[in-house]
Amino acid sequence: MRQGLRIVRVDQDDEPRVAALHRRCSAAARWRRYHRAMGDPVTYLGPLLSRPHSVHLAVQDSLERLVAIGHLLPDDGDAEAALLVEDAWQNKGLGTRLLGELGRFAVVLGVGEVYGLIHPDDARMAAILHRAGVPMRTVPDTGSASTVRARTRDIGLALARPSTREHFFEDALPTC
């Protein structure tokens with residue numbers, strides 16, 4: 001990973017920077033994240049970033065610009081994980097690193113399972129999930145997305161394995 005990148009916590013106070021990240025992302029990248037066309041980010045980011053008990057992590061570059069964001073959103077004892085990586089920064093390991101950090105939070109928070117919605121043809125997300133080294137089950141949806149679920153206990157075990165830890169944290173980004 002490139003020098004000067006680090007993972008930071010973000011919240012509703014960071015909404016302008018998160019909105020700027022969303023605006024720099026292509027419609028296709030936003031579609032893979034939200035599974036629908038999205039208008040102005042200002043209309044939906046406030047409620048997302050202020051959701052109680054949620055965790056929002058972002059990758060910040062050396063200019064303090066956000067280039068990727070990950071969310072862990074509580075949902076009835078489980079949590080949804082979601083990622084958005086700016087197009088220019090995709091395929092550089094940022095999504096994998098954010099997913100690993102969100103997994104750590106899920107373990108600490110005692111979440112039962114972590115799930116995410118993915119499009120069946122989303123090869124990038126499939127690769128991130130494969131690298132996680134966690135047993136997952138896919139629940140096909142009748143719509144355009146499938147739900148992928150992992151038990152938090154399995155996430156904790158994977159993060160404890162040296163091979164997984166090294167993969168998630170190779171060229172580690174500092175976390176604030």
# chains A, B, ... in the order shown; residues from 1 in each chain; ligands from 1

call {"tool": "residues_around", "arguments": {"residues": "region 112-118 of chain A", "least_positions_apart": "6", "cutoff": "7 Å", "atoms": "only C-alpha atoms", "output": "list of chain:residue names"}}
result
A:Gly77, A:Asp78, A:Ala79, A:Glu80, A:Ala81, A:Ala82, A:Ala145, A:Ser146, A:Thr147, A:Val148, A:Arg149, A:Ala150, A:Arg151, A:Thr152

call {"tool": "write_last_selection", "arguments": {"atoms": "N, CA, C and O atoms", "output": "compact mmCIF listing (two decimals), in the first residue's frame"}}
result
# COMPACT_ATOMS: atom_id res chain seq x y z
N GLY A 77 -28.71 -7.81 16.61
CA GLY A 77 -27.74 -8.78 17.11
C GLY A 77 -26.66 -9.14 16.12
O GLY A 77 -25.62 -9.69 16.49
N ASP A 78 -26.88 -8.87 14.86
CA ASP A 78 -25.89 -9.07 13.81
C ASP A 78 -25.42 -7.69 13.34
O ASP A 78 -25.79 -6.69 13.92
N ALA A 79 -24.63 -7.65 12.30
CA ALA A 79 -24.21 -6.37 11.75
C ALA A 79 -23.95 -6.52 10.25
O ALA A 79 -23.42 -7.53 9.80
N GLU A 80 -24.34 -5.50 9.52
CA GLU A 80 -24.04 -5.45 8.09
C GLU A 80 -22.71 -4.74 7.90
O GLU A 80 -22.46 -3.68 8.49
N ALA A 81 -21.85 -5.32 7.08
CA ALA A 81 -20.60 -4.68 6.69
C ALA A 81 -20.76 -4.20 5.25
O ALA A 81 -21.32 -4.91 4.41
N ALA A 82 -20.29 -2.99 4.98
CA ALA A 82 -20.39 -2.43 3.63
C ALA A 82 -19.12 -1.62 3.34
O ALA A 82 -18.58 -0.97 4.24
N ALA A 145 -29.04 -9.08 -5.69
CA ALA A 145 -27.93 -9.26 -4.74
C ALA A 145 -28.11 -10.56 -3.96
O ALA A 145 -29.21 -11.10 -3.86
N SER A 146 -27.01 -11.03 -3.41
CA SER A 146 -27.02 -12.18 -2.50
C SER A 146 -26.51 -11.70 -1.15
O SER A 146 -25.73 -10.75 -1.07
N THR A 147 -26.92 -12.39 -0.11
CA THR A 147 -26.43 -12.08 1.23
C THR A 147 -25.35 -13.08 1.59
O THR A 147 -25.57 -14.30 1.49
N VAL A 148 -24.20 -12.59 1.98
CA VAL A 148 -23.09 -13.43 2.43
C VAL A 148 -22.96 -13.22 3.92
O VAL A 148 -22.88 -12.08 4.39
N ARG A 149 -22.95 -14.32 4.69
CA ARG A 149 -22.93 -14.25 6.15
C ARG A 149 -21.73 -15.01 6.69
O ARG A 149 -21.35 -16.05 6.17
N ALA A 150 -21.13 -14.46 7.76
CA ALA A 150 -20.02 -15.12 8.47
C ALA A 150 -20.26 -14.98 9.96
O ALA A 150 -20.65 -13.90 10.43
N ARG A 151 -20.02 -16.06 10.69
CA ARG A 151 -20.14 -15.99 12.14
C ARG A 151 -18.95 -15.22 12.69
O ARG A 151 -17.81 -15.40 12.27
N THR A 152 -19.23 -14.37 13.66
CA THR A 152 -18.17 -13.54 14.24
C THR A 152 -17.12 -14.41 14.93
O THR A 152 -15.94 -14.09 14.92

call {"tool": "closest_atom_pairs", "arguments": {"of": "region 108-144 of chain A", "to": "region 21-35 of chain A", "cutoff": "8 Å", "atoms": "only C-alpha atoms", "output": "tab-separated table"}}
result
residue	atom	partner	partner_atom	distance
A:Ile118	CA	A:Arg32	CA	7.2
A:His119	CA	A:Arg32	CA	6.9
A:Asp122	CA	A:Arg32	CA	7.4
A:Ser144	CA	A:His35	CA	7.8

call {"tool": "atom_distance", "arguments": {"atom1": "CA of Glu86 (chain A)", "atom2": "CA of Pro120 (chain A)"}}
result
20.6 Å

call {"tool": "residues_around", "arguments": {"residues": "Asn91 (chain A)", "least_positions_apart": "5", "cutoff": "12 Å", "atoms": "only C-alpha atoms", "output": "PyMOL selection string"}}
result
chain A and resi 1+68+85-86+96-97+123-125+127-128

call {"tool": "closest_residue", "arguments": {"among": "A:Ile155, A:Val59, A:Val108, A:Leu66", "to": "Gly93 (chain A)", "atoms": "only C-alpha atoms"}}
result
A:Val59

call {"tool": "select_by_dssp", "arguments": {"residues": "chain A", "states": "helix (DSSP H, G or I)", "output": "PyMOL selection string"}}
result
chain A and resi 12-24+27-34+42-49+87-89+94-109+123-131+152-160+162-169

call {"tool": "atom_distance", "arguments": {"atom1": "CA of Gly70 (chain A)", "atom2": "CA of Arg17 (chain A)"}}
result
13.8 Å

call {"tool": "select_by_dssp", "arguments": {"residues": "chain A", "states": "strand (DSSP E)", "output": "PyMOL selection string"}}
result
chain A and resi 6-9+55-60+66-75+78-85+113-118+137-140+146-151

call {"tool": "residues_around", "arguments": {"residues": "Tyr44 (chain A)", "least_positions_apart": "6", "cutoff": "12 Å", "atoms": "only C-alpha atoms", "output": "PyMOL selection string"}}
result
chain A and resi 12+15+18-19+22+34+38+50-51

call {"tool": "atom_distance", "arguments": {"atom1": "CA of Val8 (chain A)", "atom2": "CA of Phe105 (chain A)"}}
result
13.3 Å

call {"tool": "closest_residue", "arguments": {"among": "A:Leu83, A:Leu98, A:Ala20, A:Ala106", "to": "His53 (chain A)", "atoms": "only C-alpha atoms"}}
result
A:Ala106
